[in-house]
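A short write-up of the structure that comes next.
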Amino acid sequence: MCGIIGYIGPQSTVEVLLGGLKRLEYRGYDSAGIATAHDGTLHVLRSQGKLDNLERQVGSRPMEGHYGLGHTRWATHGRPNEENAHPHRDCTKTLVVVHNGIIENYLDLKSRLSAEGHRFVTETDTEVIAHLLEKHFRSDLEQAVMETLKELDGVFAFATLSARQPDTLVGARNGPPLVVGLGEGESFLASDIPAFLSHTRSVMYLDDGEVAVLTPDGLRLVSHEGKEIKREPARITWDPIQVEKQGYKHFMLKEINEQPRAVRDTLLGRYSLDTGRIHLDETGLDDDSLKRTRKISLIACGTSWHAALVGKFLIENIARIPVEVDIASEFRYRNPILGPDDLVVGISQSGETADTLAALKATRDRGVTTLAICNVLGSMATRICTGTLYTHAGPEIGVASTKSFTTQLVALYLLAFKLAQIRGHLSPEESQNVLAEIARAAHVMEQTLLLAETLEGIAREFHLASNFLYLARGPLYPIALEGALKLKELSYIHAEGYPAGEMKHGPIALIDGRMPVVVLALTGLLFEKTANNIQEAKARGARIIAFATEGDRRLEQILDEDRDHLVFLPEHPELISPLIAVVPLQLLAYHISVARGCDVDQPRNLAKSVTVE
Ligand code: F6R
């Protein structure tokens with residue numbers, strides 16, 4: 001939700017800012033803007049819509065300066081027009097601010113500041129920060145930020161630059177992420193690492209309640225109370241090339257195809273096939289506390305919640321521990337019953353989803369052990385939780401989650417196996433067997449990706465449908481939900497995922513001759529029952545797109561060659577079916593979206609990191 005970039009250094013500031021915004025556009029693309037300080041003046045350019053619009057403006061009105069700020073917006077307060085685009089200015093137009101998050105007391109502040117004579121020109125909550133900074137600025141921007149922070153309520157990260165002290169950038173964090181990049185004679189401030197990854201891999205995360213002051217002399221970190229903080233920079237292993245499209249038409253397609261690599265990386269070094277042992281020491285959760293665990297709660301949002309639903313099947317089946325699954329925005333307000341021997345696992349690609357973070361914080365404050373399953377090193381979820389199990393998907397730029405989902409599943413398999421071993425539900429020999437099965441997943445995924453052309457053909461046939469139904473059972477039911485979500489967000493086609501057995505309790509009323517029904521009917525996994533559901537749907541005129549397992553031709557007797565489609569997934573162990581079955585559904589949604597001419601990597605109204613409630 002909104003991306004911030006700041007730069008101090010000798011390079012062309014505008015180029016650095018635009019390059020950074022390109023990498024941050026996944027966070028929002030309602031408008032974009034930049035500001036630079038040059039010769040005691042601030043130059044600001046802003047544009048409604050995607051970054052291309054701003055780039056066109058910059059092309060015709062070059063800007064100079066060695067200090068600058070940029071912003072890409074996902075609108076919360078105020079329409080997505082140019083007027084509400086960041087950076088926002090104070091009355092004197094000598095100070096700019098870019099902001100990610102929500103200032104909850106902005107109406108009170110706005111009326112107070114207006115009464116004091118400040119003139120507001122936008123509908124945003126952000127503008128109050130600019131006027132507060134103006135009010136508190138005497139000779140030092142850092143001091144103005146400190147005073148301003150005392151008046152702000154809400155979750156926010158912001159950065160500011162003043163023409164009256166142009167060699168200083170100040171950023172403050174209270175919720176959404178801010179990370180500093182430290183290069184040779186230059187520094188960066190951004191919402192996420194890819195914004196400056198092509199310039200430096202030396203990074204320092206700000207914690208909540210911290211302020212970063214960037215000058216040509218380097219970086220100073222202080223708490224909101226003004227206390228100096230010392231911290232060593234971390235070195236990021238992500239390669240800048242990973243945030244490029246590398247010849248693919250879209251990031252999403254690249255990321256779908258990266259899944260075998262991402263799955264291998266997430267498994268790497270975490271198990272031994274020889275001994276059957278799982279190594280999750282990095283989580284910091286010791287075997288004794290895992291052994292004592294009486295109940296597990298998995299909390300997440302969106303696609304990560306779908307991973308949690310699969311996790312319930314895995315952990316309950318393999319480790320025999322009761323698991324509750326909650327959508328984080330519900331969990332945080334429902335006063336859940338938690339005991340000292342519970343484990344709460346927050347699943348989040350970004351590690352910065354506001355609801356997941358709030359749920360984890362509330363849990364931690366009740367003294368309950370928390371584990372983050374997360375893709376972003378040092379992100380907030382990893383800082384809140386007792387321990388972290390990292391997924392190694394690498395940077396995910398496409399707004400729709402793909403490789404982060406499959407690597408979350410891998411982390412959940414490992415957790416389930418580990419818990420099962422500690423509690424005596426998996427012998428070393430059984431462990432070796434299940435590990436051998438999971439080790440095959442990447443290879444089976446590679447074979448599954450070869451179905452892309454078949455799915456592109458099906459997509460062309462169905463891309464004008466208005467509704468889709470996705471059906472599956474057991475651990476594949478969450479995959480049906482995920483398939484439907486991918487289709488909705490990418491192609492704007494209405495789609496519902498349902499447990500196949502639930503279809504006749506309502507959704508069947510939706511079915512007519514225009515309704516494609518996607519069914520996961522893999523071998524095992526209650527195949528016969530799912531086949532019955534296909535019959536029921538067909539009896540109401542549905543056109544079926546069924547996924548079955550190679551070698552199992554039973555559905556051929558049910559389906560019509562001229563109306564339906566039967567796609568065979570490579571033969572694989574039933575245990576890993578969720579990992580395999582999601583791949584063709586991602587591809588189907590991708591190709592339908594392309595056929596409809598939609599913006600695959602940046603679907604309307606969405607942002608990758610939802611850092612507001
Ligand atoms: C859908 C999607 C979202 C995210 C959700 C949680 O494709 O990407 O539903 O899964 O916003 O995000 P994280 O995992 O970063 O907490």
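For the structure tokens, the naming scheme is as follows: chains receive sequential letters (A, B, ...) according to their order of presentation, residues are indexed from 1 within each chain, and ligands are indexed from 1 in presentation order.
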
*asked:* How would you report the residues lying within 10 Å of ligand 1, as number ranges by chain, if you count only C-alpha atoms and all ligand atoms?
replied: A: 299-307, 328, 346-357, 373-376, 381, 396, 398-402, 404-405, 408, 482-483, 485-490, 586, 606-611

*Give me every alpha helix (DSSP H) residue in range 206-354 of chain A, going by DSSP on the backbone, as JSON, numbers by chain.*
{"A": [251, 252, 253, 254, 255, 256, 257, 259, 260, 261, 262, 263, 264, 265, 266, 267, 287, 288, 289, 290, 291, 292, 302, 303, 304, 305, 306, 307, 308, 309, 310, 311, 312, 313, 314, 328, 329, 330, 331, 354]}

Please produce a file of the residues just selected, as a CSV table (one decimal), in the first residue's frame, where the atoms kept are N, CA and C atoms.
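To be explicit, this is the file written out as result-v4.csv:
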```csv
chain,number,residue,atom,x,y,z
A,251,PHE,N,5.8,-10.5,-15.0
A,251,PHE,CA,6.4,-11.0,-13.8
A,251,PHE,C,5.7,-12.3,-13.3
A,252,MET,N,4.3,-12.3,-13.4
A,252,MET,CA,3.6,-13.4,-12.9
A,252,MET,C,4.0,-14.7,-13.6
A,253,LEU,N,4.1,-14.6,-14.9
A,253,LEU,CA,4.5,-15.8,-15.7
A,253,LEU,C,5.9,-16.3,-15.3
A,254,LYS,N,6.7,-15.3,-15.1
A,254,LYS,CA,8.1,-15.7,-14.7
A,254,LYS,C,8.0,-16.4,-13.3
A,255,GLU,N,7.2,-15.8,-12.4
A,255,GLU,CA,7.2,-16.3,-11.1
A,255,GLU,C,6.5,-17.7,-11.0
A,256,ILE,N,5.5,-17.9,-11.9
A,256,ILE,CA,4.9,-19.3,-12.0
A,256,ILE,C,6.0,-20.3,-12.4
A,257,ASN,N,6.8,-19.9,-13.3
A,257,ASN,CA,7.8,-20.8,-13.9
A,257,ASN,C,9.0,-21.0,-12.9
A,259,GLN,N,8.6,-21.6,-9.8
A,259,GLN,CA,8.2,-22.4,-8.6
A,259,GLN,C,9.1,-23.6,-8.3
A,260,PRO,N,9.5,-24.4,-9.4
A,260,PRO,CA,10.3,-25.5,-9.0
A,260,PRO,C,11.6,-25.1,-8.3
A,261,ARG,N,12.2,-24.0,-8.8
A,261,ARG,CA,13.4,-23.5,-8.1
A,261,ARG,C,13.1,-23.0,-6.7
A,262,ALA,N,12.0,-22.3,-6.6
A,262,ALA,CA,11.7,-21.7,-5.3
A,262,ALA,C,11.4,-22.9,-4.3
A,263,VAL,N,10.7,-23.9,-4.7
A,263,VAL,CA,10.4,-25.1,-3.9
A,263,VAL,C,11.7,-25.7,-3.4
A,264,ARG,N,12.6,-25.9,-4.4
A,264,ARG,CA,13.9,-26.5,-4.1
A,264,ARG,C,14.7,-25.7,-3.0
A,265,ASP,N,14.7,-24.4,-3.3
A,265,ASP,CA,15.4,-23.5,-2.3
A,265,ASP,C,14.8,-23.5,-0.9
A,266,THR,N,13.5,-23.6,-0.9
A,266,THR,CA,12.8,-23.6,0.5
A,266,THR,C,13.1,-25.0,1.2
A,267,LEU,N,13.3,-26.0,0.5
A,267,LEU,CA,13.6,-27.3,1.1
A,267,LEU,C,15.1,-27.4,1.4
A,287,ASP,N,12.6,-28.3,20.6
A,287,ASP,CA,11.8,-29.5,20.5
A,287,ASP,C,10.9,-29.6,21.7
A,288,ASP,N,11.3,-29.2,22.9
A,288,ASP,CA,10.5,-29.4,24.0
A,288,ASP,C,9.2,-28.6,23.9
A,289,SER,N,9.4,-27.3,23.5
A,289,SER,CA,8.1,-26.5,23.4
A,289,SER,C,7.3,-27.0,22.2
A,290,LEU,N,7.9,-27.5,21.2
A,290,LEU,CA,7.0,-28.0,20.1
A,290,LEU,C,6.3,-29.3,20.5
A,291,LYS,N,7.0,-30.1,21.4
A,291,LYS,CA,6.3,-31.3,21.9
A,291,LYS,C,5.1,-31.0,22.8
A,292,ARG,N,5.3,-29.9,23.5
A,292,ARG,CA,4.2,-29.5,24.5
A,292,ARG,C,3.0,-28.9,23.7
A,302,GLY,N,-5.8,-13.7,2.5
A,302,GLY,CA,-5.8,-13.9,1.1
A,302,GLY,C,-5.2,-15.3,0.7
A,303,THR,N,-4.3,-15.2,-0.2
A,303,THR,CA,-3.6,-16.5,-0.7
A,303,THR,C,-2.9,-17.2,0.5
A,304,SER,N,-2.3,-16.4,1.3
A,304,SER,CA,-1.6,-17.0,2.5
A,304,SER,C,-2.6,-17.7,3.4
A,305,TRP,N,-3.8,-17.2,3.4
A,305,TRP,CA,-4.9,-18.0,4.2
A,305,TRP,C,-5.2,-19.3,3.5
A,306,HIS,N,-5.2,-19.3,2.2
A,306,HIS,CA,-5.4,-20.6,1.5
A,306,HIS,C,-4.3,-21.6,1.9
A,307,ALA,N,-3.1,-21.1,2.0
A,307,ALA,CA,-1.9,-21.9,2.4
A,307,ALA,C,-2.2,-22.5,3.8
A,308,ALA,N,-2.7,-21.6,4.6
A,308,ALA,CA,-3.1,-22.0,6.0
A,308,ALA,C,-4.1,-23.2,6.0
A,309,LEU,N,-5.1,-23.0,5.1
A,309,LEU,CA,-6.1,-24.1,5.1
A,309,LEU,C,-5.5,-25.4,4.7
A,310,VAL,N,-4.6,-25.4,3.7
A,310,VAL,CA,-3.9,-26.7,3.4
A,310,VAL,C,-3.1,-27.1,4.6
A,311,GLY,N,-2.4,-26.2,5.3
A,311,GLY,CA,-1.6,-26.5,6.5
A,311,GLY,C,-2.4,-27.2,7.5
A,312,LYS,N,-3.7,-26.9,7.7
A,312,LYS,CA,-4.5,-27.6,8.7
A,312,LYS,C,-4.6,-29.1,8.3
A,313,PHE,N,-4.8,-29.3,7.1
A,313,PHE,CA,-4.9,-30.8,6.6
A,313,PHE,C,-3.6,-31.4,7.0
A,314,LEU,N,-2.5,-30.8,6.6
A,314,LEU,CA,-1.2,-31.4,6.8
A,314,LEU,C,-0.9,-31.7,8.2
A,328,ALA,N,-6.8,-13.3,9.4
A,328,ALA,CA,-6.2,-12.5,10.4
A,328,ALA,C,-7.1,-11.3,10.9
A,329,SER,N,-7.9,-10.7,9.9
A,329,SER,CA,-8.7,-9.6,10.3
A,329,SER,C,-9.9,-10.1,11.2
A,330,GLU,N,-10.2,-11.3,11.2
A,330,GLU,CA,-11.2,-11.9,12.1
A,330,GLU,C,-10.6,-12.2,13.4
A,331,PHE,N,-9.5,-12.9,13.3
A,331,PHE,CA,-8.8,-13.4,14.5
A,331,PHE,C,-8.5,-12.3,15.5
A,354,ALA,N,-1.1,-5.7,7.5
A,354,ALA,CA,-1.5,-5.0,8.7
A,354,ALA,C,-2.3,-5.9,9.6
```

_Env of range 18-33 of chain A: 9 Å cut, atoms = only C-alpha atoms, seq-sep filter 5 positions within chain, self excluded. Answer as a count of residues only._
54

*Pick out the closest residue to Lys135 in chain A from this set: A:Leu455, A:Leu113, A:Val325, A:Ala480. Count only C-alpha atoms.*
A:Leu113

Can you tell me which residues surround Tyr106 in chain A at a distance of at most 8 Å, considering only C-alpha atoms, apart from same-chain residues fewer than 2 positions away, and format the answer as a PDB file with C-alpha atoms, in the first residue's frame?
```
ATOM      1  CA  ILE A 103      -3.120   8.883  10.043  1.00  0.00           C
ATOM      2  CA  GLU A 104      -6.132   8.019  12.157  1.00  0.00           C
ATOM      3  CA  ASP A 108      -8.873  16.441  14.326  1.00  0.00           C
ATOM      4  CA  LEU A 109      -5.426  17.574  13.237  1.00  0.00           C
ATOM      5  CA  LYS A 110      -6.779  19.082  10.033  1.00  0.00           C
ATOM      6  CA  ASP A 125      -4.664  12.325   5.490  1.00  0.00           C
ATOM      7  CA  VAL A 128      -1.538  16.962   7.896  1.00  0.00           C
ATOM      8  CA  LEU A 152       0.209  11.490  14.995  1.00  0.00           C
TER       9      LEU A 152
END
```

*asked:* With DSSP run on the backbone, what are the strand (DSSP E) residues within range 37-208 of chain A? I'd like them as a VMD selection string.
replied: chain A and resid 37 to 38 41 to 48 67 to 73 88 to 89 95 to 103 154 to 162 169 to 174 179 to 182 187 to 190 202 to 205

Write out as a compact mmCIF listing (two decimals) with all heavy atoms, in the first residue's frame which residues come within 12 Å of Cys91 in chain A when counting only C-alpha atoms, dropping same-chain ones fewer than 5 positions away.
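Generated output (selection-v5.txt):
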```txt
# COMPACT_ATOMS: atom_id res chain seq x y z
N VAL A 96 8.38 18.75 1.58
CA VAL A 96 7.52 17.71 0.99
C VAL A 96 7.51 16.47 1.88
O VAL A 96 8.49 16.20 2.59
CB VAL A 96 7.97 17.27 -0.43
CG1 VAL A 96 7.54 18.23 -1.49
CG2 VAL A 96 9.45 16.97 -0.48
N LEU A 113 -5.24 22.49 12.61
CA LEU A 113 -4.25 23.20 11.79
C LEU A 113 -4.92 24.27 10.91
O LEU A 113 -4.39 25.36 10.71
CB LEU A 113 -3.46 22.21 10.92
CG LEU A 113 -2.46 21.33 11.69
CD1 LEU A 113 -2.12 20.07 10.90
CD2 LEU A 113 -1.18 22.12 12.01
N SER A 114 -6.12 23.94 10.41
CA SER A 114 -6.85 24.93 9.60
C SER A 114 -7.17 26.16 10.44
O SER A 114 -7.01 27.30 9.98
CB SER A 114 -8.16 24.33 9.06
OG SER A 114 -7.88 23.23 8.27
N GLU A 116 -5.52 27.24 12.79
CA GLU A 116 -4.27 27.99 13.01
C GLU A 116 -3.81 28.70 11.73
O GLU A 116 -2.75 29.33 11.70
CB GLU A 116 -3.16 27.03 13.48
CG GLU A 116 -3.39 26.51 14.91
CD GLU A 116 -2.42 25.37 15.27
OE1 GLU A 116 -1.42 25.17 14.55
OE2 GLU A 116 -2.70 24.70 16.27
N GLY A 117 -4.55 28.51 10.64
CA GLY A 117 -4.23 29.25 9.41
C GLY A 117 -3.61 28.42 8.29
O GLY A 117 -3.29 28.96 7.23
N HIS A 118 -3.41 27.12 8.51
CA HIS A 118 -2.83 26.29 7.44
C HIS A 118 -3.88 26.03 6.36
O HIS A 118 -5.05 25.79 6.66
CB HIS A 118 -2.33 24.96 8.01
CG HIS A 118 -1.13 25.12 8.89
ND1 HIS A 118 0.15 25.00 8.42
CD2 HIS A 118 -1.03 25.42 10.22
CE1 HIS A 118 1.00 25.21 9.41
NE2 HIS A 118 0.31 25.46 10.52
N ARG A 119 -3.43 26.09 5.10
CA ARG A 119 -4.37 25.90 3.98
C ARG A 119 -4.19 24.49 3.40
O ARG A 119 -3.09 24.12 2.96
CB ARG A 119 -4.10 26.93 2.87
CG ARG A 119 -4.44 28.35 3.26
CD ARG A 119 -4.07 29.34 2.15
NE ARG A 119 -2.74 29.11 1.59
CZ ARG A 119 -1.61 29.51 2.14
NH1 ARG A 119 -1.63 30.17 3.29
NH2 ARG A 119 -0.44 29.27 1.56
N PHE A 120 -5.28 23.72 3.42
CA PHE A 120 -5.23 22.34 2.90
C PHE A 120 -5.71 22.33 1.45
O PHE A 120 -6.72 22.96 1.13
CB PHE A 120 -6.10 21.43 3.76
CG PHE A 120 -5.41 21.04 5.04
CD1 PHE A 120 -5.39 21.91 6.13
CD2 PHE A 120 -4.78 19.82 5.16
CE1 PHE A 120 -4.74 21.57 7.31
CE2 PHE A 120 -4.13 19.47 6.34
CZ PHE A 120 -4.11 20.35 7.41
N VAL A 121 -5.01 21.62 0.61
CA VAL A 121 -5.40 21.61 -0.80
C VAL A 121 -5.71 20.20 -1.32
O VAL A 121 -6.04 20.03 -2.49
CB VAL A 121 -4.29 22.23 -1.70
CG1 VAL A 121 -4.14 23.70 -1.42
CG2 VAL A 121 -2.95 21.50 -1.52
N THR A 122 -5.61 19.18 -0.46
CA THR A 122 -5.91 17.81 -0.91
C THR A 122 -6.93 17.16 0.01
O THR A 122 -7.25 17.69 1.08
CB THR A 122 -4.65 16.91 -0.93
OG1 THR A 122 -4.36 16.51 0.42
CG2 THR A 122 -3.44 17.63 -1.51
N GLU A 127 -1.56 15.07 4.13
CA GLU A 127 -1.23 16.50 4.12
C GLU A 127 -1.05 17.05 5.53
O GLU A 127 -0.31 18.03 5.73
CB GLU A 127 -2.30 17.28 3.34
CG GLU A 127 -1.78 18.62 2.87
CD GLU A 127 -2.83 19.46 2.16
OE1 GLU A 127 -3.89 18.93 1.78
OE2 GLU A 127 -2.58 20.68 2.00
N VAL A 128 -1.72 16.43 6.53
CA VAL A 128 -1.54 16.96 7.90
C VAL A 128 -0.08 16.83 8.33
O VAL A 128 0.42 17.65 9.10
CB VAL A 128 -2.47 16.29 8.95
CG1 VAL A 128 -3.92 16.55 8.67
CG2 VAL A 128 -2.17 14.82 9.12
N ILE A 129 0.60 15.80 7.82
CA ILE A 129 2.01 15.62 8.23
C ILE A 129 2.83 16.81 7.72
O ILE A 129 3.65 17.38 8.44
CB ILE A 129 2.61 14.30 7.68
CG1 ILE A 129 1.73 13.11 8.02
CG2 ILE A 129 4.02 14.09 8.21
CD1 ILE A 129 2.22 11.78 7.45
N ALA A 130 2.58 17.20 6.46
CA ALA A 130 3.33 18.32 5.88
C ALA A 130 3.11 19.59 6.71
O ALA A 130 4.06 20.32 7.02
CB ALA A 130 2.90 18.54 4.43
N HIS A 131 1.85 19.83 7.10
CA HIS A 131 1.57 21.06 7.86
C HIS A 131 2.12 20.98 9.29
O HIS A 131 2.56 22.00 9.83
CB HIS A 131 0.07 21.35 7.85
CG HIS A 131 -0.42 21.72 6.47
ND1 HIS A 131 -0.14 22.93 5.87
CD2 HIS A 131 -1.14 21.02 5.57
CE1 HIS A 131 -0.69 22.97 4.66
NE2 HIS A 131 -1.30 21.80 4.45
N LEU A 132 2.09 19.81 9.87
CA LEU A 132 2.68 19.67 11.21
C LEU A 132 4.19 19.90 11.15
O LEU A 132 4.76 20.56 12.02
CB LEU A 132 2.40 18.26 11.77
CG LEU A 132 1.00 18.03 12.34
CD1 LEU A 132 0.82 16.55 12.70
CD2 LEU A 132 0.74 18.92 13.56
N LEU A 133 4.82 19.37 10.10
CA LEU A 133 6.27 19.57 9.96
C LEU A 133 6.57 21.06 9.78
O LEU A 133 7.52 21.60 10.36
CB LEU A 133 6.80 18.77 8.77
CG LEU A 133 6.84 17.24 8.96
CD1 LEU A 133 7.07 16.53 7.62
CD2 LEU A 133 7.94 16.84 9.94
N GLU A 134 5.74 21.71 9.00
CA GLU A 134 5.90 23.16 8.77
C GLU A 134 5.82 23.90 10.12
O GLU A 134 6.65 24.75 10.44
CB GLU A 134 4.80 23.65 7.83
CG GLU A 134 4.77 25.14 7.63
CD GLU A 134 3.51 25.60 6.88
OE1 GLU A 134 2.66 24.75 6.51
OE2 GLU A 134 3.36 26.82 6.69
N LYS A 135 4.80 23.50 10.89
CA LYS A 135 4.56 24.16 12.18
C LYS A 135 5.75 23.98 13.13
O LYS A 135 6.13 24.89 13.85
CB LYS A 135 3.29 23.56 12.77
CG LYS A 135 2.94 24.03 14.14
CD LYS A 135 1.63 23.43 14.61
CE LYS A 135 1.51 23.63 16.11
NZ LYS A 135 0.28 23.08 16.62
```

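Distance annotation: of A:Gly497, A:Gln421, A:Glu574, A:Ser139, the residue with the minimal separation from Phe527 in chain A is A:Glu574; atom set is only C-alpha atoms.
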
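What separates CA of Leu161 in chain A from CA of Glu232 in chain A is a distance of 25.1 Å.
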
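Excluding Val444 in chain A itself and any same-chain residue fewer than 3 positions from it, the protein and nucleic acid residues within 12 Å of it, counting only C-alpha atoms, are A:Gln259, A:Pro260, A:Arg261, A:Val263, A:Arg264, A:Glu437, A:Ile438, A:Ala439, A:Arg440, A:Ala441, A:Gln447, A:Thr448, A:Leu449, A:Leu450, A:Leu451, A:Thr549, A:Glu550, A:Leu569, A:Pro570, A:Glu571, A:His572, A:Pro573, A:Ile576, A:Ser577, A:Pro578, A:Leu579, A:Ile580, A:Ala581, A:Val583.
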